[in-house]
Structures are given as structure tokens and as C-alpha cells.
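structure_23.csv (CSV, C-alpha atoms)
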```csv
chain,number,residue,atom,x,y,z
A,1,MET,CA,35.7,75.8,47.8
A,2,ASP,CA,33.9,74.0,50.7
A,3,GLY,CA,35.8,70.8,51.7
A,4,VAL,CA,38.8,71.9,49.7
A,5,LEU,CA,39.8,75.3,51.1
A,6,VAL,CA,37.4,75.7,54.0
A,7,GLN,CA,35.6,73.3,56.3
A,8,GLU,CA,32.8,74.6,58.6
A,9,GLY,CA,34.0,78.2,58.3
A,10,HIS,CA,37.7,77.4,59.0
A,11,PRO,CA,40.5,77.0,56.5
A,12,VAL,CA,41.6,73.5,55.7
A,13,PRO,CA,45.2,73.1,57.1
A,14,GLY,CA,47.6,74.2,54.3
A,15,ALA,CA,44.9,76.1,52.4
A,16,GLN,CA,46.5,79.5,53.2
A,17,GLU,CA,49.9,78.4,52.0
A,18,PHE,CA,48.4,76.7,48.9
A,19,ILE,CA,46.6,79.9,47.8
A,20,ALA,CA,49.8,82.0,48.5
A,21,LYS,CA,51.8,79.6,46.4
A,22,LEU,CA,49.3,79.9,43.5
A,23,LYS,CA,49.5,83.6,43.7
A,24,THR,CA,53.3,83.7,43.6
A,25,SER,CA,53.5,81.1,40.8
A,26,GLY,CA,51.9,83.5,38.4
A,27,LYS,CA,49.5,80.8,37.3
A,28,SER,CA,45.8,81.6,36.6
A,29,PHE,CA,43.4,79.9,39.0
A,30,LEU,CA,39.7,80.1,40.0
A,31,VAL,CA,37.9,79.0,43.1
A,32,LEU,CA,34.6,77.4,41.9
A,33,THR,CA,31.4,77.0,43.8
A,34,ASN,CA,27.9,75.8,42.9
A,35,ASN,CA,26.4,78.3,45.4
A,36,SER,CA,24.7,81.0,43.5
A,37,ILE,CA,23.6,83.2,46.5
A,38,TYR,CA,26.7,85.3,46.8
A,39,THR,CA,28.7,87.6,44.4
A,40,PRO,CA,32.4,87.0,44.1
A,41,ARG,CA,33.0,90.1,46.2
A,42,ASP,CA,30.7,88.6,48.9
A,43,LEU,CA,32.6,85.3,48.8
A,44,ALA,CA,36.0,87.0,48.9
A,45,VAL,CA,34.9,88.7,52.2
A,46,ARG,CA,33.6,85.4,53.6
A,47,LEU,CA,36.9,83.6,52.7
A,48,ARG,CA,38.9,86.5,54.3
A,49,ALA,CA,36.9,86.0,57.5
A,50,ALA,CA,38.0,82.4,57.4
A,51,GLY,CA,41.6,83.5,57.0
A,52,LEU,CA,42.0,83.0,53.2
A,53,GLU,CA,42.9,85.9,50.9
A,54,VAL,CA,41.3,85.1,47.5
A,55,PRO,CA,40.8,88.0,45.1
A,56,GLU,CA,37.2,88.4,43.9
A,57,GLU,CA,38.4,88.0,40.3
A,58,SER,CA,39.6,84.5,41.2
A,59,ILE,CA,36.1,83.3,42.3
A,60,TYR,CA,33.7,81.8,39.9
A,61,THR,CA,30.1,80.7,40.7
A,62,SER,CA,27.4,78.7,39.1
A,63,ALA,CA,25.5,82.0,38.8
A,64,MET,CA,28.3,83.5,36.7
A,65,ALA,CA,28.4,80.3,34.5
A,66,THR,CA,24.6,80.5,34.1
A,67,ALA,CA,24.8,84.1,33.1
A,68,ARG,CA,27.5,83.4,30.5
A,69,PHE,CA,25.5,80.5,29.1
A,70,LEU,CA,22.4,82.5,28.7
A,71,ALA,CA,24.2,85.5,27.2
A,72,ASP,CA,25.7,83.1,24.6
A,73,GLN,CA,22.3,81.4,23.9
A,74,ARG,CA,20.1,84.5,23.8
A,75,PRO,CA,22.1,87.8,24.0
A,76,GLY,CA,20.2,90.6,25.6
A,77,GLY,CA,17.4,88.3,26.8
A,78,SER,CA,15.1,88.4,29.8
A,79,ALA,CA,14.6,86.2,32.8
A,80,TYR,CA,12.4,85.7,35.8
A,81,VAL,CA,14.8,84.9,38.7
A,82,VAL,CA,14.2,82.9,41.8
A,83,GLY,CA,17.5,83.6,43.6
A,84,GLU,CA,19.6,86.2,45.4
A,85,ALA,CA,22.2,88.9,44.6
A,86,GLY,CA,24.8,86.5,43.2
A,87,LEU,CA,22.5,85.4,40.4
A,88,THR,CA,20.7,88.7,39.7
A,89,THR,CA,24.0,90.6,39.6
A,90,ALA,CA,25.6,88.1,37.2
A,91,LEU,CA,22.6,88.3,34.9
A,92,HIS,CA,22.5,92.1,35.0
A,93,GLU,CA,26.2,92.2,34.1
A,94,VAL,CA,25.6,90.3,30.9
A,95,GLY,CA,22.8,92.6,29.9
A,96,TYR,CA,19.8,90.6,30.9
A,97,VAL,CA,16.5,92.2,31.8
A,98,LEU,CA,14.9,90.7,34.9
A,99,THR,CA,11.1,90.6,34.6
A,100,ASP,CA,8.0,88.5,35.2
A,101,LEU,CA,6.4,89.7,32.0
A,102,ALA,CA,6.8,87.0,29.3
A,103,PRO,CA,10.5,86.3,30.1
A,104,ASP,CA,12.6,84.2,27.8
A,105,TYR,CA,13.8,82.1,30.8
A,106,VAL,CA,12.9,81.2,34.3
A,107,VAL,CA,16.2,80.9,36.2
A,108,LEU,CA,16.2,79.1,39.5
A,109,GLY,CA,19.1,79.5,41.9
A,110,GLU,CA,19.8,79.2,45.6
A,111,THR,CA,18.2,81.4,48.2
A,112,ARG,CA,17.9,81.4,51.9
A,113,ASN,CA,14.1,81.7,51.7
A,114,TYR,CA,12.3,80.1,48.8
A,115,SER,CA,9.0,82.0,48.4
A,116,PHE,CA,5.9,80.0,47.6
A,117,GLU,CA,4.6,83.0,45.6
A,118,GLN,CA,7.8,83.1,43.5
A,119,ILE,CA,7.7,79.3,42.9
A,120,THR,CA,4.1,79.6,41.8
A,121,ARG,CA,4.9,82.4,39.5
A,122,ALA,CA,7.8,80.4,38.0
A,123,ILE,CA,5.5,77.4,37.4
A,124,ARG,CA,3.0,79.6,35.6
A,125,LEU,CA,5.6,81.3,33.4
A,126,ILE,CA,7.1,77.9,32.4
A,127,GLU,CA,3.6,76.7,31.6
A,128,GLY,CA,3.3,79.8,29.4
A,129,GLY,CA,6.4,78.9,27.5
A,130,ALA,CA,9.4,80.2,29.4
A,131,ARG,CA,12.5,78.0,29.2
A,132,PHE,CA,13.6,76.5,32.5
A,133,ILE,CA,17.2,76.9,33.7
A,134,ALA,CA,18.7,76.0,37.1
A,135,THR,CA,22.1,77.0,38.4
A,136,ASN,CA,22.9,73.6,39.9
A,137,PRO,CA,21.3,70.3,40.8
A,138,ASP,CA,22.4,70.2,44.5
A,139,ALA,CA,19.4,68.7,46.4
A,140,VAL,CA,20.3,69.9,49.9
A,141,GLY,CA,22.6,72.5,51.4
A,142,PRO,CA,24.2,72.6,54.9
A,143,SER,CA,23.2,74.7,57.9
A,144,ASN,CA,23.9,74.6,61.6
A,145,GLU,CA,20.6,72.9,62.2
A,146,GLY,CA,21.0,70.3,59.4
A,147,SER,CA,20.2,70.0,55.7
A,148,LEU,CA,18.2,72.6,53.9
A,149,PRO,CA,16.3,72.1,50.6
A,150,ALA,CA,18.5,73.5,47.8
A,151,CYS,CA,18.1,74.3,44.1
A,152,GLY,CA,17.8,70.7,42.9
A,153,SER,CA,14.9,70.0,45.3
A,154,VAL,CA,13.0,73.1,44.3
A,155,ALA,CA,13.7,72.3,40.7
A,156,ALA,CA,12.2,68.9,41.1
A,157,MET,CA,9.0,70.4,42.6
A,158,ILE,CA,8.7,72.8,39.6
A,159,THR,CA,9.3,69.9,37.2
A,160,ARG,CA,6.6,67.8,39.0
A,161,ALA,CA,4.2,70.7,38.6
A,162,THR,CA,5.0,71.5,34.9
A,163,GLY,CA,6.4,68.4,33.4
A,164,VAL,CA,9.4,70.5,32.2
A,165,GLN,CA,13.0,69.5,33.2
A,166,PRO,CA,15.4,72.3,33.7
A,167,TYR,CA,18.8,72.6,32.2
A,168,PHE,CA,21.4,72.6,35.0
A,169,VAL,CA,24.5,74.7,34.3
A,170,GLY,CA,26.6,74.0,37.4
A,171,LYS,CA,28.6,71.0,38.4
A,172,PRO,CA,28.5,68.1,37.5
A,173,ASN,CA,27.7,69.6,34.1
A,174,PRO,CA,31.2,70.0,32.4
A,175,MET,CA,29.7,73.2,31.0
A,176,MET,CA,30.7,74.8,34.4
A,177,MET,CA,34.3,73.7,34.0
A,178,ARG,CA,34.5,74.8,30.4
A,179,SER,CA,33.0,78.2,31.2
A,180,ALA,CA,35.6,78.7,34.0
A,181,LEU,CA,38.3,77.8,31.5
A,182,ASN,CA,37.1,80.4,29.1
A,183,ALA,CA,36.9,83.0,31.9
A,184,ILE,CA,40.7,82.8,32.4
A,185,ASP,CA,41.6,81.9,28.8
A,186,ALA,CA,42.9,78.5,30.0
A,187,HIS,CA,43.2,75.2,28.1
A,188,SER,CA,42.1,71.8,29.4
A,189,GLU,CA,45.4,70.2,28.5
A,190,SER,CA,47.3,72.4,31.0
A,191,THR,CA,44.7,72.7,33.7
A,192,ALA,CA,44.0,70.7,36.9
A,193,MET,CA,40.7,70.5,38.8
A,194,ILE,CA,40.9,70.1,42.6
A,195,GLY,CA,37.7,68.9,44.3
A,196,ASP,CA,36.4,66.9,47.2
A,197,ARG,CA,33.5,65.2,45.6
A,198,MET,CA,33.5,62.3,43.1
A,199,ASP,CA,29.9,62.9,42.0
A,200,THR,CA,30.3,66.6,41.0
A,201,ASP,CA,33.9,67.8,41.0
A,202,VAL,CA,35.8,64.8,39.6
A,203,VAL,CA,33.2,63.8,37.0
A,204,SER,CA,32.8,67.3,35.6
A,205,GLY,CA,36.5,67.8,35.5
A,206,MET,CA,37.1,64.5,33.8
A,207,GLU,CA,34.3,65.2,31.2
A,208,ALA,CA,35.8,68.6,30.5
A,209,GLY,CA,39.2,67.0,29.8
A,210,LEU,CA,41.0,68.2,32.9
A,211,TYR,CA,43.6,66.6,35.1
A,212,THR,CA,41.5,65.7,38.2
A,213,ILE,CA,42.7,65.8,41.8
A,214,LEU,CA,40.6,64.5,44.6
A,215,VAL,CA,41.3,65.8,48.1
A,216,LEU,CA,40.1,63.8,51.1
A,217,SER,CA,39.4,66.8,53.3
A,218,GLY,CA,35.8,67.0,52.3
A,219,VAL,CA,32.9,64.8,51.3
A,220,THR,CA,34.4,61.8,49.6
A,221,ALA,CA,36.3,59.3,51.7
A,222,SER,CA,39.2,57.1,50.4
A,223,THR,CA,37.1,54.0,50.9
A,224,GLU,CA,34.4,55.3,48.5
A,225,ILE,CA,36.6,56.0,45.5
A,226,GLU,CA,36.5,52.4,44.2
A,227,ARG,CA,32.6,52.5,44.1
A,228,TRP,CA,32.7,54.9,41.1
A,229,PRO,CA,33.2,53.8,37.5
A,230,TYR,CA,35.8,56.5,37.0
A,231,ARG,CA,38.9,57.6,38.9
A,232,PRO,CA,40.6,60.9,39.6
A,233,SER,CA,44.1,61.4,38.2
A,234,LEU,CA,45.5,61.9,41.6
A,235,VAL,CA,44.3,61.5,45.2
A,236,VAL,CA,45.8,63.4,48.1
A,237,ASP,CA,44.8,64.1,51.7
A,238,SER,CA,44.5,67.9,51.3
A,239,VAL,CA,45.7,70.9,49.3
A,240,ALA,CA,48.7,71.0,51.7
A,241,ASP,CA,50.0,68.0,49.7
A,242,LEU,CA,49.8,70.0,46.4
A,243,ILE,CA,52.0,73.0,47.4
A,244,PRO,CA,55.2,71.3,46.0
A,245,LEU,CA,53.3,70.5,42.8
A,246,VAL,CA,52.1,74.0,41.9
A,247,ASP,CA,55.1,74.6,39.7
A,248,ALA,CA,54.9,71.1,38.2
A,249,ASP,CA,53.4,70.0,34.9
A,250,PRO,CA,50.1,68.2,35.9
A,251,ALA,CA,50.6,65.7,33.0
A,252,HIS,CA,53.8,64.6,34.6
A,253,THR,CA,52.9,64.7,38.3
```
Produce C-alpha cells that represent the structure in this file.
Amino acid sequence: MDGVLVQEGHPVPGAQEFIAKLKTSGKSFLVLTNNSIYTPRDLAVRLRAAGLEVPEESIYTSAMATARFLADQRPGGSAYVVGEAGLTTALHEVGYVLTDLAPDYVVLGETRNYSFEQITRAIRLIEGGARFIATNPDAVGPSNEGSLPACGSVAAMITRATGVQPYFVGKPNPMMMRSALNAIDAHSESTAMIGDRMDTDVVSGMEAGLYTILVLSGVTASTEIERWPYRPSLVVDSVADLIPLVDADPAHT
């Protein structure tokens, strides 16, 4: 989402037309984000404020991927959550009980205010045998004042205290891509991933067997591509360049 469709709260040039083209094409699509703070409804409103009309059912978060993963691993389980509405809502929707009384999992997500009390409780529950899950490994997040510690940083602190490594569900884990594919009943052979980061988007798309498209409107610059041991299938300046390709077969683009 960030760096592909929006940049600092404003739509990337061509993003509105690209989303409109996807809608009229009849093709299934999802907007993915590692941010687990917001529900899809929240994100749809935020995108609308930036000038982009994306239906909430077309938004998929690391919180949703985490909830699907846990529901598959241990249906009807329980979790102690350090996170916000995006994560707690997703877990409730798959039938999970949220509790600090001998939960099956400690689930760490993003939050605007990490509580020392919550982190301490998470550490003690993990020491007591709860399995450790984190929505994503992102170390820092952006703010108007600069970088903020994010899920990956707090996970590292908990790991340091407990000696237990979390299982990260979000990008660059290809689990996130496969979970998104399942959500819209899509197949890797006929699906393309569009992202702005080589270290998360492209690698997770590649490992999930997708056609990968890197846009240069976000984090990764064109001069950095050759530093990586893998390459995207296609590199373009922005999603504006992809509008004519929406009706094309990615395998023959």
C-alpha cells in the first residue's frame, strides 16, 4: 500500500486510475499491508481520505493473515494480544478467545503505544509456555517526527528476555502471500505481486511463486536492485505504467 498506492498521505500519480482499471477489469485484487493496527474498514476510510476508493473487502493485513494462520494451526484457540483493533478484531472473527489466563499464544502486533506492563505480561506468559507469534518483522515505522519502534523491535526485546524466537507471519514470509491468494481463491500461476521493496514485497512474492513487479515510487531505488541476489520479473516507475497491462497475461508481459 505505502509506496505503491500512497506516499505520505497522498496518492501516487496514476494510483486512482490503476485502482479504477482493476475494478472495471473484473479481476480479483487485494491491497496488502504489514500494518496490523487498522481493520480493513479503517484502512478503506484512510485510503478514501487520500483520494483512493478501495473496497474494504479488497484490503488484506498481516493481522488477518495471522488470524487465518492461527485458526488453521489451533482452531478455537486463545491468545494474549499486544496490539490494536486490527489484530483483536481479526482474531475474534476466527473464533479466538483473548485472554491472559494460560493462552495458547502470545500474539504481538503493531500499536501506537507499546505498554511496558503488556510486554512484561507477554514475557511471563511465554516463559510459562505460550507460543510466540508476531504479525510482522518490521523494525521501525514512520511518523512525522521520524522512526518509531515497530513490531520487529519489540519482538527482539521479548526474545532477548525469554530466549524464544517468534514466528513472523507477515512479509517477507511467503505465508502472507499464500494466505492472500487463498482469501480470493487465486492461483500463483496467474497472479502478480506489485511492491516497492525488494526485501519484503519482491522476495515474498517470488517465494510464493508469483510474477513480481517492483515499482520505483517507494523505498527501493533503481540503483539498488542489482545488490540483491534475486530480481523482480518487471520494474516500472509506478503503477501508472501498469494500467495498460491490467488486461494482459502477466506471464507474457
Spatial neighbours of Ala192 of chain A, 12 Å, all atoms listed in the file, chain gap at least 3 places, as a ChimeraX atom specification: /A:27-30,177,180-181,186-189,195,201-202,204-206,208-214,232-234,242,245-246,248-253
Quick one: residues within 12 Å of Ser78 of chain A, all atoms listed in the file, excluding same-chain residues fewer than 5 positions away - as number ranges by chain? A: 67, 70-71, 73, 88, 91-92, 94-107, 130-131
Give me, as a PyMOL selection string, all polymer residues having an atom no more than 12 Å from Glu84 of chain A, counting all atoms listed in the file and skipping those fewer than 5 positions away in the same chain. chain A and resi 35-39+42+63+89-91+107-115+135
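From atom CA of Pro55 of chain A back to atom CA of Gly3 of chain A, the distance works out to 19.1 Å.
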Quick one: residues within 8 Å of Pro166 of chain A, all atoms listed in the file counted, chain neighbours fewer than 3 positions away excluded, as JSON, numbers by chain? {"A": [131, 132, 133, 134, 155, 159]}
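Using only C-alpha atoms for every distance, the candidate list A:Ala15, A:Gly83, A:Asp185, A:Ser238 yields A:Gly83 as the residue closest to Cys151 of chain A.
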Within 9 Å of Val4 of chain A using all atoms listed in the file, minus same-chain residues under 2 positions, as number ranges by chain: A: 1-2, 6-7, 11-12, 15, 194-196, 215-218, 238-239
Write to file, as an mmCIF file, in the frame of the given file, the residues of the selection just made, with C-alpha atoms.
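The result, written out as result_17.cif:
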```cif
data_model
loop_
_atom_site.group_PDB
_atom_site.id
_atom_site.type_symbol
_atom_site.label_atom_id
_atom_site.label_comp_id
_atom_site.auth_asym_id
_atom_site.auth_seq_id
_atom_site.Cartn_x
_atom_site.Cartn_y
_atom_site.Cartn_z
ATOM 1 C CA MET A 1 35.700 75.800 47.800
ATOM 2 C CA ASP A 2 33.900 74.000 50.700
ATOM 3 C CA VAL A 6 37.400 75.700 54.000
ATOM 4 C CA GLN A 7 35.600 73.300 56.300
ATOM 5 C CA PRO A 11 40.500 77.000 56.500
ATOM 6 C CA VAL A 12 41.600 73.500 55.700
ATOM 7 C CA ALA A 15 44.900 76.100 52.400
ATOM 8 C CA ILE A 194 40.900 70.100 42.600
ATOM 9 C CA GLY A 195 37.700 68.900 44.300
ATOM 10 C CA ASP A 196 36.400 66.900 47.200
ATOM 11 C CA VAL A 215 41.300 65.800 48.100
ATOM 12 C CA LEU A 216 40.100 63.800 51.100
ATOM 13 C CA SER A 217 39.400 66.800 53.300
ATOM 14 C CA GLY A 218 35.800 67.000 52.300
ATOM 15 C CA SER A 238 44.500 67.900 51.300
ATOM 16 C CA VAL A 239 45.700 70.900 49.300
#
```
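Atom CA of Leu32 of chain A to atom CA of Asn182 of chain A spans 13.4 Å [interatomic distance, one decimal].
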Polymer residues at most 12 Å from (49.3, 83.8, 42.0) by only C-alpha atoms, as a list in words: Glu17, Phe18, Ile19, Ala20, Lys21, Leu22, Lys23, Thr24, Ser25, Gly26, Lys27, Ser28, Phe29, Leu30, Glu53, Val54, Pro55, Glu57, Ser58, Val246 and Asp247 of chain A
Can I get a file of segment 47-61 of chain A from the given structure, all heavy atoms kept, as a short mmCIF file (atom, residue, chain, number, x, y, z; two decimals), in the first residue's frame?
```
data_model
loop_
_atom_site.label_atom_id
_atom_site.label_comp_id
_atom_site.auth_asym_id
_atom_site.auth_seq_id
_atom_site.Cartn_x
_atom_site.Cartn_y
_atom_site.Cartn_z
N LEU A 47 -7.70 5.38 3.04
CA LEU A 47 -7.38 5.47 1.61
C LEU A 47 -8.32 6.44 0.91
O LEU A 47 -7.91 7.20 0.04
CB LEU A 47 -7.46 4.08 0.96
CG LEU A 47 -6.30 3.14 1.27
CD1 LEU A 47 -6.62 1.73 0.79
CD2 LEU A 47 -5.01 3.62 0.63
N ARG A 48 -9.60 6.42 1.32
CA ARG A 48 -10.56 7.35 0.73
C ARG A 48 -10.15 8.80 1.02
O ARG A 48 -10.28 9.68 0.16
CB ARG A 48 -11.96 7.07 1.28
CG ARG A 48 -13.07 7.86 0.57
CD ARG A 48 -14.45 7.44 1.05
NE ARG A 48 -14.65 6.01 0.83
CZ ARG A 48 -14.91 5.13 1.81
NH1 ARG A 48 -15.01 5.55 3.06
NH2 ARG A 48 -15.08 3.86 1.52
N ALA A 49 -9.65 9.03 2.22
CA ALA A 49 -9.19 10.38 2.57
C ALA A 49 -8.01 10.81 1.71
O ALA A 49 -7.79 12.00 1.50
CB ALA A 49 -8.81 10.43 4.05
N ALA A 50 -7.25 9.82 1.22
CA ALA A 50 -6.12 10.10 0.34
C ALA A 50 -6.54 10.16 -1.12
O ALA A 50 -5.71 10.36 -2.01
CB ALA A 50 -5.03 9.05 0.51
N GLY A 51 -7.84 9.95 -1.37
CA GLY A 51 -8.36 10.04 -2.73
C GLY A 51 -8.48 8.73 -3.47
O GLY A 51 -8.69 8.72 -4.68
N LEU A 52 -8.36 7.60 -2.75
CA LEU A 52 -8.42 6.29 -3.39
C LEU A 52 -9.63 5.50 -2.87
O LEU A 52 -9.79 5.33 -1.66
CB LEU A 52 -7.14 5.49 -3.11
CG LEU A 52 -5.85 6.07 -3.67
CD1 LEU A 52 -4.66 5.24 -3.20
CD2 LEU A 52 -5.88 6.13 -5.19
N GLU A 53 -10.45 5.02 -3.78
CA GLU A 53 -11.63 4.23 -3.42
C GLU A 53 -11.30 2.75 -3.53
O GLU A 53 -11.34 2.16 -4.61
CB GLU A 53 -12.81 4.59 -4.32
CG GLU A 53 -13.39 5.97 -4.09
CD GLU A 53 -14.10 6.09 -2.73
OE1 GLU A 53 -14.53 5.05 -2.19
OE2 GLU A 53 -14.20 7.22 -2.23
N VAL A 54 -10.94 2.15 -2.40
CA VAL A 54 -10.63 0.72 -2.34
C VAL A 54 -11.64 0.06 -1.40
O VAL A 54 -11.71 0.43 -0.22
CB VAL A 54 -9.20 0.47 -1.83
CG1 VAL A 54 -8.91 -1.03 -1.77
CG2 VAL A 54 -8.19 1.16 -2.72
N PRO A 55 -12.42 -0.91 -1.87
CA PRO A 55 -13.39 -1.57 -1.00
C PRO A 55 -12.69 -2.28 0.15
O PRO A 55 -11.58 -2.80 -0.01
CB PRO A 55 -14.08 -2.58 -1.93
CG PRO A 55 -13.73 -2.17 -3.31
CD PRO A 55 -12.42 -1.46 -3.24
N GLU A 56 -13.33 -2.30 1.32
CA GLU A 56 -12.69 -2.93 2.47
C GLU A 56 -12.43 -4.41 2.24
O GLU A 56 -11.47 -4.97 2.77
CB GLU A 56 -13.50 -2.72 3.74
CG GLU A 56 -14.88 -3.32 3.76
CD GLU A 56 -15.59 -3.06 5.09
OE1 GLU A 56 -15.37 -3.84 6.03
OE2 GLU A 56 -16.34 -2.08 5.17
N GLU A 57 -13.28 -5.05 1.42
CA GLU A 57 -13.06 -6.48 1.14
C GLU A 57 -11.86 -6.71 0.24
O GLU A 57 -11.43 -7.86 0.04
CB GLU A 57 -14.31 -7.11 0.53
CG GLU A 57 -14.77 -6.49 -0.78
CD GLU A 57 -15.76 -5.35 -0.60
OE1 GLU A 57 -15.82 -4.77 0.50
OE2 GLU A 57 -16.47 -5.05 -1.60
N SER A 58 -11.28 -5.63 -0.29
CA SER A 58 -10.08 -5.74 -1.13
C SER A 58 -8.82 -5.35 -0.37
O SER A 58 -7.79 -5.09 -0.99
CB SER A 58 -10.23 -4.87 -2.39
OG SER A 58 -11.29 -5.33 -3.20
N ILE A 59 -8.89 -5.31 0.95
CA ILE A 59 -7.74 -4.96 1.78
C ILE A 59 -7.40 -6.14 2.67
O ILE A 59 -8.28 -6.77 3.26
CB ILE A 59 -8.04 -3.71 2.64
CG1 ILE A 59 -8.31 -2.50 1.72
CG2 ILE A 59 -6.89 -3.42 3.59
CD1 ILE A 59 -8.77 -1.26 2.46
N TYR A 60 -6.12 -6.47 2.73
CA TYR A 60 -5.67 -7.64 3.49
C TYR A 60 -4.45 -7.26 4.31
O TYR A 60 -3.47 -6.75 3.78
CB TYR A 60 -5.32 -8.79 2.53
CG TYR A 60 -5.26 -10.14 3.18
CD1 TYR A 60 -6.41 -10.79 3.58
CD2 TYR A 60 -4.04 -10.77 3.39
CE1 TYR A 60 -6.36 -12.05 4.18
CE2 TYR A 60 -3.98 -12.02 3.99
CZ TYR A 60 -5.14 -12.66 4.37
OH TYR A 60 -5.09 -13.89 4.97
N THR A 61 -4.52 -7.51 5.62
CA THR A 61 -3.47 -7.07 6.53
C THR A 61 -2.73 -8.26 7.14
O THR A 61 -3.21 -9.39 7.11
CB THR A 61 -4.06 -6.23 7.67
OG1 THR A 61 -4.81 -7.09 8.55
CG2 THR A 61 -4.98 -5.14 7.15
#
```
